[in-house]
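One file, protein26.cif, is given below (mmCIF, C-alpha atoms).
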```cif
data_data
#
loop_
_atom_site.label_atom_id
_atom_site.label_comp_id
_atom_site.auth_asym_id
_atom_site.auth_seq_id
_atom_site.Cartn_x
_atom_site.Cartn_y
_atom_site.Cartn_z
CA MET A 70 -16.21 -26.49 -11.09
CA LEU A 71 -17.26 -23.30 -12.86
CA HIS A 72 -15.85 -21.97 -16.10
CA THR A 73 -13.76 -18.78 -15.88
CA GLU A 74 -16.37 -16.70 -17.69
CA ASP A 75 -18.98 -17.72 -15.08
CA ILE A 76 -16.70 -16.70 -12.19
CA THR A 77 -16.06 -13.16 -13.39
CA ALA A 78 -19.66 -12.11 -12.72
CA LEU A 79 -19.81 -13.49 -9.17
CA PRO A 80 -19.59 -11.20 -6.12
CA ASP A 81 -16.37 -11.18 -4.09
CA GLU A 82 -18.02 -12.59 -0.98
CA TYR A 83 -19.44 -15.55 -2.90
CA LEU A 84 -16.07 -16.30 -4.49
CA PHE A 85 -14.33 -16.22 -1.13
CA GLU A 86 -16.95 -18.43 0.52
CA LYS A 87 -16.61 -20.94 -2.31
CA PHE A 88 -12.82 -20.84 -1.95
CA LYS A 89 -13.15 -21.49 1.80
CA GLU A 90 -15.50 -24.43 1.16
CA THR A 91 -13.70 -26.06 -1.76
CA SER A 92 -10.10 -24.73 -1.75
CA GLU A 93 -10.41 -24.45 -5.54
CA GLU A 94 -7.77 -22.06 -6.87
CA ASN A 95 -9.98 -20.58 -9.59
CA TYR A 96 -12.13 -18.78 -6.99
CA PHE A 97 -9.13 -17.27 -5.24
CA ASN A 98 -7.38 -16.43 -8.52
CA GLU A 99 -10.38 -14.39 -9.61
CA LEU A 100 -10.26 -12.41 -6.35
CA ALA A 101 -6.52 -11.89 -6.75
CA LYS A 102 -7.08 -10.56 -10.29
CA ARG A 103 -9.71 -8.14 -9.03
CA TYR A 104 -7.65 -6.80 -6.13
CA TYR A 105 -4.03 -6.96 -7.28
CA ALA A 106 -3.75 -3.56 -9.00
CA SER A 107 -5.42 -1.57 -6.21
CA ALA A 108 -3.50 -3.52 -3.55
CA LEU A 109 -0.23 -2.76 -5.32
CA SER A 110 -1.09 0.95 -5.49
CA MET A 111 -1.92 1.02 -1.80
CA ALA A 112 1.28 -0.82 -0.87
CA ARG A 113 3.41 1.50 -3.05
CA ILE A 114 1.93 4.53 -1.31
CA ARG A 115 2.65 3.03 2.10
CA LEU A 116 6.11 1.62 1.33
CA PHE A 117 7.42 4.01 -1.35
CA ASN A 118 9.11 1.17 -3.19
CA LYS A 119 7.67 -0.81 -6.10
CA GLY A 120 9.64 -3.99 -5.43
CA ASN A 121 8.77 -4.05 -1.73
CA ALA A 122 5.14 -3.31 -2.55
CA GLU A 123 4.95 -6.31 -4.88
CA ASP A 124 6.42 -8.56 -2.17
CA VAL A 125 4.00 -7.23 0.45
CA VAL A 126 0.97 -7.71 -1.81
CA GLN A 127 2.00 -11.34 -2.39
CA GLU A 128 2.43 -11.78 1.37
CA ALA A 129 -1.02 -10.27 1.97
CA PHE A 130 -2.60 -12.76 -0.43
CA LEU A 131 -0.82 -15.59 1.39
CA ARG A 132 -2.15 -14.28 4.70
CA ILE A 133 -5.65 -14.22 3.22
CA ILE A 134 -5.32 -17.91 2.41
CA LYS A 135 -3.90 -18.73 5.85
CA LYS A 136 -6.54 -16.67 7.67
CA CYS A 137 -9.53 -17.62 5.55
CA GLY A 138 -11.01 -19.44 8.54
CA THR A 139 -11.19 -16.15 10.48
CA HIS A 140 -13.35 -14.52 7.81
CA LYS A 141 -16.97 -14.74 8.98
CA SER A 142 -19.71 -15.56 6.49
CA GLY A 143 -21.57 -12.43 5.49
CA MET A 144 -18.54 -10.21 6.18
CA LEU A 145 -17.57 -8.03 3.22
CA PHE A 146 -14.38 -9.23 1.58
CA ALA A 147 -12.85 -5.89 0.50
CA PRO A 148 -12.54 -4.21 3.93
CA TRP A 149 -11.17 -7.43 5.43
CA PHE A 150 -8.63 -7.79 2.64
CA TYR A 151 -7.48 -4.15 2.87
CA MET A 152 -7.13 -4.44 6.66
CA ILE A 153 -4.84 -7.44 6.17
CA LEU A 154 -2.90 -5.60 3.46
CA LYS A 155 -2.51 -2.52 5.68
CA ASN A 156 -1.22 -4.70 8.54
CA THR A 157 1.17 -6.52 6.19
CA CYS A 158 2.55 -3.16 5.03
CA ALA A 159 2.99 -2.03 8.64
CA ASP A 160 4.75 -5.28 9.57
CA PHE A 161 7.11 -4.90 6.63
CA ALA A 162 7.87 -1.26 7.46
CA ARG A 163 8.63 -2.14 11.11
CA LYS A 164 10.99 -4.91 10.01
CA GLU A 165 12.75 -2.52 7.62
CA ILE A 166 13.17 0.08 10.36
CA VAL A 167 14.69 -2.50 12.69
CA ARG A 168 16.91 -3.81 9.89
CA LYS A 169 18.18 -0.33 9.03
CA ASN A 170 18.46 1.01 12.58
CA GLY A 171 19.50 -2.06 14.52
CA GLU A 172 17.61 -3.95 17.16
CA SER A 173 16.18 -0.93 18.99
CA GLY A 174 13.97 0.13 16.09
CA ILE A 175 13.15 3.26 18.09
CA ILE A 176 14.42 5.78 15.56
CA SER A 177 12.42 5.50 12.38
CA GLU A 178 13.55 6.31 8.88
CA ILE A 179 11.68 9.57 9.20
CA GLU A 180 13.63 10.34 12.38
CA ILE A 181 10.47 11.29 14.18
CA LYS A 182 10.96 11.32 17.93
CA SER A 183 7.38 10.76 19.07
CA PRO A 184 4.16 9.19 17.81
CA GLU A 185 2.47 12.60 18.13
CA SER A 186 4.81 14.17 15.58
CA ALA A 187 4.36 11.17 13.30
CA LEU A 188 0.63 11.75 13.35
CA SER A 189 1.04 15.46 12.63
CA PHE A 190 3.34 14.62 9.69
CA GLU A 191 0.72 12.23 8.29
CA GLU A 192 -2.01 14.81 8.89
CA THR A 193 0.05 17.52 7.21
CA ILE A 194 0.61 15.61 3.98
CA LYS A 195 -3.00 14.40 3.72
CA CYS A 196 -3.79 17.49 1.63
CA LEU A 197 -1.53 16.10 -1.10
CA SER A 198 -2.40 13.51 -3.70
CA ALA A 199 -0.98 10.03 -3.16
CA GLU A 200 1.56 10.62 -5.92
CA GLU A 201 2.67 13.95 -4.43
CA GLN A 202 3.04 12.32 -1.02
CA GLU A 203 5.12 9.56 -2.52
CA ILE A 204 7.41 12.01 -4.34
CA LEU A 205 8.04 14.18 -1.27
CA ILE A 206 8.62 11.23 1.01
CA CYS A 207 11.06 9.71 -1.47
CA ARG A 208 12.86 13.05 -1.73
CA PHE A 209 12.98 14.24 1.87
CA ILE A 210 12.72 11.09 3.93
CA TYR A 211 14.53 8.57 1.77
CA ASN A 212 16.88 11.25 0.35
CA LEU A 213 16.43 10.09 -3.23
CA THR A 214 17.44 12.45 -6.01
CA PHE A 215 14.84 13.51 -8.56
CA PRO A 216 16.34 11.21 -11.22
CA GLU A 217 16.17 8.30 -8.75
CA ILE A 218 12.54 9.12 -7.95
CA ALA A 219 11.73 9.28 -11.66
CA ILE A 220 13.17 5.80 -12.11
CA GLU A 221 11.43 4.42 -9.00
CA LEU A 222 8.03 5.83 -9.96
CA ASP A 223 8.52 5.28 -13.69
CA LEU A 224 7.66 8.88 -14.53
CA PRO A 225 9.48 11.53 -16.59
CA LEU A 226 11.99 13.57 -14.58
CA GLU A 227 10.35 16.90 -15.41
CA ASN A 228 6.98 15.61 -14.18
CA ILE A 229 8.57 14.59 -10.88
CA LYS A 230 10.14 18.04 -10.43
CA LYS A 231 6.89 19.88 -11.26
CA LYS A 232 4.81 17.67 -8.97
CA ALA A 233 7.31 18.12 -6.12
CA GLN A 234 7.23 21.89 -6.62
CA ARG A 235 3.40 21.95 -6.60
CA ALA A 236 3.27 19.71 -3.53
CA LEU A 237 5.70 21.92 -1.61
CA LYS A 238 3.63 24.97 -2.53
CA LYS A 239 0.47 23.25 -1.21
CA LEU A 240 2.25 22.39 2.04
CA ARG A 241 3.57 25.95 2.46
CA ASN A 242 0.04 27.30 1.95
CA LYS A 243 -1.43 24.82 4.40
CA LEU A 244 1.21 25.50 7.02
CA SER A 245 0.90 29.28 6.66
CA LEU A 246 -2.87 28.99 7.25
CA LYS A 247 -2.24 27.12 10.52
CA SER A 248 0.06 29.83 11.92
#
```

Please express what this file holds, its structure, as structure tokens.
Amino acid sequence: MLHTEDITALPDEYLFEKFKETSEENYFNELAKRYYASALSMARIRLFNKGNAEDVVQEAFLRIIKKCGTHKSGMLFAPWFYMILKNTCADFARKEIVRKNGESGIISEIEIKSPESALSFEETIKCLSAEEQEILICRFIYNLTFPEIAIELDLPLENIKKKAQRALKKLRNKLSLKS
């Protein structure tokens, strides 16, 4: 067993291979430390809710443990991990849509009628920063007030309002260029 200070310098792929071989928690814990913050940021952007994002990140780490046998030696760890995280976020979002809209799950929270319009919505907001996207989606899709968004994102209310205003201006400019 290695000491913690020895583990911190090891590459991700080595740590994961050692975890697969030995099932020693210290290898996996080091990977979790390295990836938790970025995974949480990604999940928050996809789910627009801090609490749900934390749950999904934990679920993704559990899936990593369960699926460690599917990870091929020599495969980079980061892309594999983020693919599992992305799929975990999508699974959670689908379950939430079904929970909120009943068994059909056809009408999403965004009330988009077709996959084509969903893609164009995603394409349209790609010009915005992740934080701007999150603010506008919270405001216009989840119908949160600016004070609620400020609490959810843990940012000052005035910052939220200014960022929303800037984001809307960027979208107006982008959409006027397309016309």

For this session: Fewer than 3 positions away in the same chain doesn't count, so skip those; otherwise give me all residues within 10 Å of A:Leu154, counting all atoms listed in the file, as a list in words.
Result: Ala108, Leu109, Met111, Ala112, Val125, Val126, Gln127, Glu128, Ala129, Phe130, Arg132, Ile133, Pro148, Trp149, Phe150, Tyr151, Thr157, Cys158, Ala159 and Asp160 of chain A

Just the selected residues (C-alpha atoms), exported as a PDB file, in the coordinates of the input, please.
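For reference, result.pdb as written:
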```
ATOM      1  CA  ALA A 108      -3.500  -3.520  -3.550  1.00  0.00           C
ATOM      2  CA  LEU A 109      -0.230  -2.760  -5.320  1.00  0.00           C
ATOM      3  CA  MET A 111      -1.920   1.020  -1.800  1.00  0.00           C
ATOM      4  CA  ALA A 112       1.280  -0.820  -0.870  1.00  0.00           C
ATOM      5  CA  VAL A 125       4.000  -7.230   0.450  1.00  0.00           C
ATOM      6  CA  VAL A 126       0.970  -7.710  -1.810  1.00  0.00           C
ATOM      7  CA  GLN A 127       2.000 -11.340  -2.390  1.00  0.00           C
ATOM      8  CA  GLU A 128       2.430 -11.780   1.370  1.00  0.00           C
ATOM      9  CA  ALA A 129      -1.020 -10.270   1.970  1.00  0.00           C
ATOM     10  CA  PHE A 130      -2.600 -12.760  -0.430  1.00  0.00           C
ATOM     11  CA  ARG A 132      -2.150 -14.280   4.700  1.00  0.00           C
ATOM     12  CA  ILE A 133      -5.650 -14.220   3.220  1.00  0.00           C
ATOM     13  CA  PRO A 148     -12.540  -4.210   3.930  1.00  0.00           C
ATOM     14  CA  TRP A 149     -11.170  -7.430   5.430  1.00  0.00           C
ATOM     15  CA  PHE A 150      -8.630  -7.790   2.640  1.00  0.00           C
ATOM     16  CA  TYR A 151      -7.480  -4.150   2.870  1.00  0.00           C
ATOM     17  CA  THR A 157       1.170  -6.520   6.190  1.00  0.00           C
ATOM     18  CA  CYS A 158       2.550  -3.160   5.030  1.00  0.00           C
ATOM     19  CA  ALA A 159       2.990  -2.030   8.640  1.00  0.00           C
ATOM     20  CA  ASP A 160       4.750  -5.280   9.570  1.00  0.00           C
TER      21      ASP A 160
END
```

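Distances from A:Asp223, A:Leu197, A:Cys207, A:Phe215 to A:Leu237 were compared using all atoms listed in the file, and the smallest one belongs to A:Leu197.
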
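Using only C-alpha atoms, the nearest neighbour of A:Glu201 within the list A:Ala233, A:Leu116, A:Leu224, A:Ile218 is A:Ala233.
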
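Counting from atom CA of A:Leu100, the distance to atom CA of A:Asp75 is 13.4 Å.
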
Problem set entry | Selection result of the PyMOL selection byres ((chain A and resi 77) around 10) on this file, as a list in words | His72, Thr73, Glu74, Asp75, Ile76, Ala78, Leu79, Pro80, Asp81, Leu84, Tyr96, Glu99, Leu100, Lys102 and Arg103 of chain A

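Here atom CA of A:Asn228 stands at a distance of 10.8 Å from atom CA of A:Pro216.
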
Size and centre in Å, one decimal, axis-aligned box, all listed stretch 144-156 of chain A atoms plus 3 Å per side, as lines of an AutoDock Vina configuration file:
```
center_x = -9.9
center_y = -6.4
center_z = 4.5
size_x = 23.3
size_y = 13.7
size_z = 14.0
```

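Take atom CA of A:Ala236 and atom CA of A:Leu205: the distance between them is 7.6 Å.
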
For this session: Given the file shown, enumerate the residues that the PyMOL selection byres ((chain A and resi 88) around 12) captures and present them as a count of residues only.
Result: 27

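Closest approach to A:Arg241 among A:Ala162, A:Ala147, A:Ala122, A:Ile194 is made by A:Ile194 (distances from all atoms listed in the file).
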
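Of the listed residues (A:Ile229, A:Glu221, A:Ile153, A:Ile114), A:Ile153 comes nearest to A:Leu131; the distances count all atoms listed in the file.
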
Missing atoms in stretch 200-211 of chain A: can you complete it with all heavy atoms, as an mmCIF file, in the coordinates of the input?
```cif
data_model
loop_
_atom_site.group_PDB
_atom_site.id
_atom_site.type_symbol
_atom_site.label_atom_id
_atom_site.label_comp_id
_atom_site.auth_asym_id
_atom_site.auth_seq_id
_atom_site.Cartn_x
_atom_site.Cartn_y
_atom_site.Cartn_z
ATOM 1 N N GLU A 200 0.327 10.524 -5.139
ATOM 2 C CA GLU A 200 1.560 10.620 -5.920
ATOM 3 C C GLU A 200 2.464 11.728 -5.373
ATOM 4 O O GLU A 200 3.682 11.553 -5.257
ATOM 5 C CB GLU A 200 1.227 10.870 -7.384
ATOM 6 C CG GLU A 200 2.423 10.745 -8.298
ATOM 7 C CD GLU A 200 2.003 10.816 -9.752
ATOM 8 O OE1 GLU A 200 1.348 11.810 -10.149
ATOM 9 O OE2 GLU A 200 2.343 9.887 -10.487
ATOM 10 N N GLU A 201 1.878 12.862 -5.006
ATOM 11 C CA GLU A 201 2.670 13.950 -4.430
ATOM 12 C C GLU A 201 3.289 13.517 -3.097
ATOM 13 O O GLU A 201 4.456 13.822 -2.825
ATOM 14 C CB GLU A 201 1.802 15.196 -4.229
ATOM 15 C CG GLU A 201 1.393 15.869 -5.513
ATOM 16 C CD GLU A 201 0.333 16.932 -5.310
ATOM 17 O OE1 GLU A 201 -0.461 16.854 -4.347
ATOM 18 O OE2 GLU A 201 0.286 17.859 -6.145
ATOM 19 N N GLN A 202 2.512 12.827 -2.284
ATOM 20 C CA GLN A 202 3.040 12.320 -1.020
ATOM 21 C C GLN A 202 4.239 11.409 -1.266
ATOM 22 O O GLN A 202 5.283 11.538 -0.623
ATOM 23 C CB GLN A 202 1.972 11.537 -0.258
ATOM 24 C CG GLN A 202 0.859 12.367 0.310
ATOM 25 C CD GLN A 202 -0.184 11.521 0.994
ATOM 26 O OE1 GLN A 202 0.096 10.439 1.492
ATOM 27 N NE2 GLN A 202 -1.416 12.012 1.025
ATOM 28 N N GLU A 203 4.068 10.511 -2.210
ATOM 29 C CA GLU A 203 5.120 9.560 -2.520
ATOM 30 C C GLU A 203 6.387 10.268 -2.983
ATOM 31 O O GLU A 203 7.494 9.942 -2.539
ATOM 32 C CB GLU A 203 4.624 8.577 -3.591
ATOM 33 C CG GLU A 203 5.510 7.400 -3.811
ATOM 34 C CD GLU A 203 4.866 6.349 -4.702
ATOM 35 O OE1 GLU A 203 3.915 6.656 -5.449
ATOM 36 O OE2 GLU A 203 5.341 5.209 -4.643
ATOM 37 N N ILE A 204 6.247 11.269 -3.828
ATOM 38 C CA ILE A 204 7.410 12.010 -4.340
ATOM 39 C C ILE A 204 8.129 12.722 -3.203
ATOM 40 O O ILE A 204 9.349 12.626 -3.069
ATOM 41 C CB ILE A 204 6.978 12.998 -5.448
ATOM 42 C CG1 ILE A 204 6.564 12.233 -6.704
ATOM 43 C CG2 ILE A 204 8.102 13.987 -5.761
ATOM 44 C CD1 ILE A 204 5.860 13.079 -7.756
ATOM 45 N N LEU A 205 7.387 13.441 -2.355
ATOM 46 C CA LEU A 205 8.040 14.180 -1.270
ATOM 47 C C LEU A 205 8.676 13.251 -0.243
ATOM 48 O O LEU A 205 9.766 13.546 0.268
ATOM 49 C CB LEU A 205 7.040 15.117 -0.584
ATOM 50 C CG LEU A 205 6.570 16.303 -1.412
ATOM 51 C CD1 LEU A 205 5.713 17.235 -0.569
ATOM 52 C CD2 LEU A 205 7.725 17.065 -2.036
ATOM 53 N N ILE A 206 8.043 12.164 0.049
ATOM 54 C CA ILE A 206 8.620 11.230 1.010
ATOM 55 C C ILE A 206 9.888 10.598 0.438
ATOM 56 O O ILE A 206 10.898 10.475 1.140
ATOM 57 C CB ILE A 206 7.589 10.180 1.455
ATOM 58 C CG1 ILE A 206 6.538 10.879 2.334
ATOM 59 C CG2 ILE A 206 8.252 9.041 2.224
ATOM 60 C CD1 ILE A 206 5.333 10.056 2.666
ATOM 61 N N CYS A 207 9.842 10.246 -0.834
ATOM 62 C CA CYS A 207 11.060 9.710 -1.470
ATOM 63 C C CYS A 207 12.180 10.738 -1.428
ATOM 64 O O CYS A 207 13.336 10.407 -1.161
ATOM 65 C CB CYS A 207 10.778 9.322 -2.928
ATOM 66 S SG CYS A 207 9.841 7.808 -3.133
ATOM 67 N N ARG A 208 11.841 11.993 -1.662
ATOM 68 C CA ARG A 208 12.860 13.050 -1.730
ATOM 69 C C ARG A 208 13.402 13.413 -0.354
ATOM 70 O O ARG A 208 14.602 13.471 -0.157
ATOM 71 C CB ARG A 208 12.255 14.296 -2.403
ATOM 72 C CG ARG A 208 13.206 15.464 -2.488
ATOM 73 C CD ARG A 208 14.302 15.226 -3.516
ATOM 74 N NE ARG A 208 15.223 16.318 -3.525
ATOM 75 C CZ ARG A 208 16.498 16.213 -3.140
ATOM 76 N NH1 ARG A 208 16.986 15.065 -2.754
ATOM 77 N NH2 ARG A 208 17.275 17.261 -3.168
ATOM 78 N N PHE A 209 12.530 13.679 0.598
ATOM 79 C CA PHE A 209 12.980 14.240 1.870
ATOM 80 C C PHE A 209 13.184 13.227 2.980
ATOM 81 O O PHE A 209 13.923 13.489 3.914
ATOM 82 C CB PHE A 209 12.029 15.348 2.313
ATOM 83 C CG PHE A 209 12.023 16.505 1.361
ATOM 84 C CD1 PHE A 209 10.929 16.754 0.557
ATOM 85 C CD2 PHE A 209 13.135 17.313 1.233
ATOM 86 C CE1 PHE A 209 10.939 17.811 -0.348
ATOM 87 C CE2 PHE A 209 13.160 18.366 0.335
ATOM 88 C CZ PHE A 209 12.061 18.619 -0.461
ATOM 89 N N ILE A 210 12.539 12.091 2.886
ATOM 90 C CA ILE A 210 12.720 11.090 3.930
ATOM 91 C C ILE A 210 13.726 10.045 3.497
ATOM 92 O O ILE A 210 14.625 9.691 4.248
ATOM 93 C CB ILE A 210 11.362 10.456 4.306
ATOM 94 C CG1 ILE A 210 10.502 11.547 4.948
ATOM 95 C CG2 ILE A 210 11.549 9.271 5.249
ATOM 96 C CD1 ILE A 210 9.102 11.174 5.223
ATOM 97 N N TYR A 211 13.595 9.589 2.261
ATOM 98 C CA TYR A 211 14.530 8.570 1.770
ATOM 99 C C TYR A 211 15.739 9.188 1.060
ATOM 100 O O TYR A 211 16.621 8.470 0.601
ATOM 101 C CB TYR A 211 13.814 7.575 0.857
ATOM 102 C CG TYR A 211 12.828 6.738 1.622
ATOM 103 C CD1 TYR A 211 11.461 6.933 1.496
ATOM 104 C CD2 TYR A 211 13.268 5.759 2.502
ATOM 105 C CE1 TYR A 211 10.567 6.167 2.207
ATOM 106 C CE2 TYR A 211 12.371 4.993 3.215
ATOM 107 C CZ TYR A 211 11.025 5.199 3.070
ATOM 108 O OH TYR A 211 10.133 4.448 3.781
#
```
